[in-house]
Amino acid sequence: MRTLGFNRLIERLYPPTCLLCGAPGEGGRDLCAGCRSELPWNLNACARCALPFDVAVPAGTLCGACQKKPPAFDRCVTAFRYEQAVPALVVGAKFRGQLNAARLLGECLAVRIHEATGAAGGGRPDVLIPVPLHRRRLRQRGYNQAFEIARSLGRALNLPVDAGCCARLMATPPQAGLDERARRRNIRGAFAVTASLAGVSVAVVDDVVTTGSTVNELSRILAAAGAARVEVWAVARTP
């Protein structure tokens, strides 16, 4: 385990540097105060699925879709709207091997979770579950960005990460470019739970929630496996 002195030495040798503008980072993160203030934090959103609202609404407001058909998860919390500088950070973490971007995104998500759950962290889940990649795609990419984000998030919030309790059974085509109905069909039956979750409260961790098809399907099977509560914690939500 790293000591405080070792961590300070690393920060002196490799000081945090903003990934967006190159200025010195703030608070030990690779993000400066100016860029942090300009990020599109998703604070005005549906209380269930985190869909951003265009106008200010009271806390607890649900979008029309969640009122008609609630998703399989109990709540979704996201740090950002998927716009401005956020897509570049997500793409870097997902496709370009920029694990420092994944670490930063996890730290930013931790800030948002801290705000959403309070300083005491009451009601936080027992474990974080990153959305799994199929083994073929994991071999191609070399890492799972959702796992890297979850590791950073878990360190910040002192929560364990379990990447082995569920698996992706099918190497489904990418969801990008598909409409909502096609996304649901594409992901149906793609996951399986491989460990008992009876009575366990979990948070599914992902990079971006678009239509919610992927996290909804994974949440469905986690709930069917006995999970007491399923939340979705993601870096960003598309408008």
# chains A, B, ... in the order shown; residues from 1 in each chain; ligands from 1
call {"tool": "residues_around", "arguments": {"residues": "A:Gly123", "least_positions_apart": "4", "cutoff": "10 Å", "atoms": "only C-alpha atoms", "output": "list of chain:residue names"}}
result
A:Thr117, A:Gly118, A:Ser201
call {"tool": "write_last_selection", "arguments": {"atoms": "N, CA, C and O atoms", "output": "compact mmCIF listing (two decimals), in the first residue's frame"}}
result
# COMPACT_ATOMS: atom_id res chain seq x y z
N THR A 117 -25.17 11.94 -2.49
CA THR A 117 -25.43 11.07 -1.35
C THR A 117 -25.12 11.73 -0.02
O THR A 117 -25.43 11.17 1.03
N GLY A 118 -24.51 12.91 -0.05
CA GLY A 118 -24.18 13.60 1.17
C GLY A 118 -22.81 13.22 1.68
O GLY A 118 -22.25 12.18 1.31
N SER A 201 -26.67 -4.38 -2.20
CA SER A 201 -26.95 -3.13 -2.90
C SER A 201 -25.77 -2.82 -3.81
O SER A 201 -24.62 -2.85 -3.38
call {"tool": "residues_around", "arguments": {"residues": "stretch 156-166 of chain A", "least_positions_apart": "2", "cutoff": "8 Å", "atoms": "only C-alpha atoms", "output": "ChimeraX atom specification"}}
result
/A:107,110,126-130,132,147,150-154,168,191-196
call {"tool": "residues_around", "arguments": {"residues": "A:Gly92", "least_positions_apart": "3", "cutoff": "12 Å", "atoms": "only C-alpha atoms", "output": "number ranges by chain"}}
result
A: 19-20, 85-89, 95-105, 145, 207
call {"tool": "select_by_dssp", "arguments": {"residues": "stretch 118-193 of chain A", "states": "strand (DSSP E or B)", "output": "list in words"}}
result
Val127, Leu128, Ile129, Pro130, Val161, Cys166, Ala167, Arg168, Phe191, Ala192 and Val193 of chain A
call {"tool": "closest_residue", "arguments": {"among": "A:Cys76, A:Ile113, A:Leu31, A:Ile149", "to": "A:Arg229", "atoms": "only C-alpha atoms"}}
result
A:Cys76
call {"tool": "select_by_dssp", "arguments": {"residues": "stretch 74-195 of chain A", "states": "alpha helix (DSSP H)", "output": "count of residues only"}}
result
57
call {"tool": "atom_distance", "arguments": {"atom1": "atom CA of A:Ala59", "atom2": "atom CA of A:Ala45"}}
result
8.6 Å
call {"tool": "closest_residue", "arguments": {"among": "A:Ala224, A:Cys46, A:Val111, A:Val90", "to": "A:Pro70", "atoms": "only C-alpha atoms"}}
result
A:Cys46
call {"tool": "residues_around", "arguments": {"residues": "A:Gly28", "least_positions_apart": "3", "cutoff": "9 Å", "atoms": "only C-alpha atoms", "output": "list in words"}}
result
Glu11, Pro15, Pro16, Thr17, Gly25 and Leu31 of chain A
call {"tool": "residues_around", "arguments": {"residues": "A:Ala203", "least_positions_apart": "6", "cutoff": "6 Å", "atoms": "only C-alpha atoms", "output": "list in words"}}
result
Leu128, Val230, Glu231 and Val232 of chain A
call {"tool": "atom_distance", "arguments": {"atom1": "atom CA of A:Gly22", "atom2": "atom CA of A:Arg237"}}
result
25.7 Å
call {"tool": "atom_distance", "arguments": {"atom1": "atom CA of A:Thr238", "atom2": "atom CA of A:Glu83"}}
result
7.7 Å
call {"tool": "closest_atom_pairs", "arguments": {"of": "stretch 9-102 of chain A", "to": "stretch 213-218 of chain A", "cutoff": "10 Å", "atoms": "only C-alpha atoms", "output": "tab-separated table"}}
result
residue	atom	partner	partner_atom	distance
A:Cys49	CA	A:Asn216	CA	9.9
A:Pro71	CA	A:Asn216	CA	6.3
A:Ala72	CA	A:Asn216	CA	5.5
A:Phe73	CA	A:Asn216	CA	6.4
A:Cys76	CA	A:Val215	CA	9.5
call {"tool": "write_last_selection", "arguments": {"atoms": "N, CA and C atoms", "output": "short mmCIF file (atom, residue, chain, number, x, y, z; two decimals), in the first residue's frame"}}
result
data_model
loop_
_atom_site.label_atom_id
_atom_site.label_comp_id
_atom_site.auth_asym_id
_atom_site.auth_seq_id
_atom_site.Cartn_x
_atom_site.Cartn_y
_atom_site.Cartn_z
N CYS A 49 -33.53 8.65 -14.26
CA CYS A 49 -32.63 8.20 -15.33
C CYS A 49 -31.54 9.21 -15.67
N PRO A 71 -37.35 2.54 -15.40
CA PRO A 71 -36.29 1.60 -15.78
C PRO A 71 -36.06 0.55 -14.70
N ALA A 72 -35.23 -0.43 -15.01
CA ALA A 72 -34.97 -1.53 -14.07
C ALA A 72 -34.11 -1.09 -12.89
N PHE A 73 -33.38 0.01 -13.04
CA PHE A 73 -32.55 0.50 -11.93
C PHE A 73 -33.34 1.49 -11.09
N CYS A 76 -30.28 6.71 -11.43
CA CYS A 76 -29.06 6.93 -12.20
C CYS A 76 -28.50 8.29 -11.81
#
call {"tool": "closest_residue", "arguments": {"among": "A:Arg81, A:Lys68, A:Arg185, A:Arg139", "to": "A:Pro52", "atoms": "only C-alpha atoms"}}
result
A:Arg81
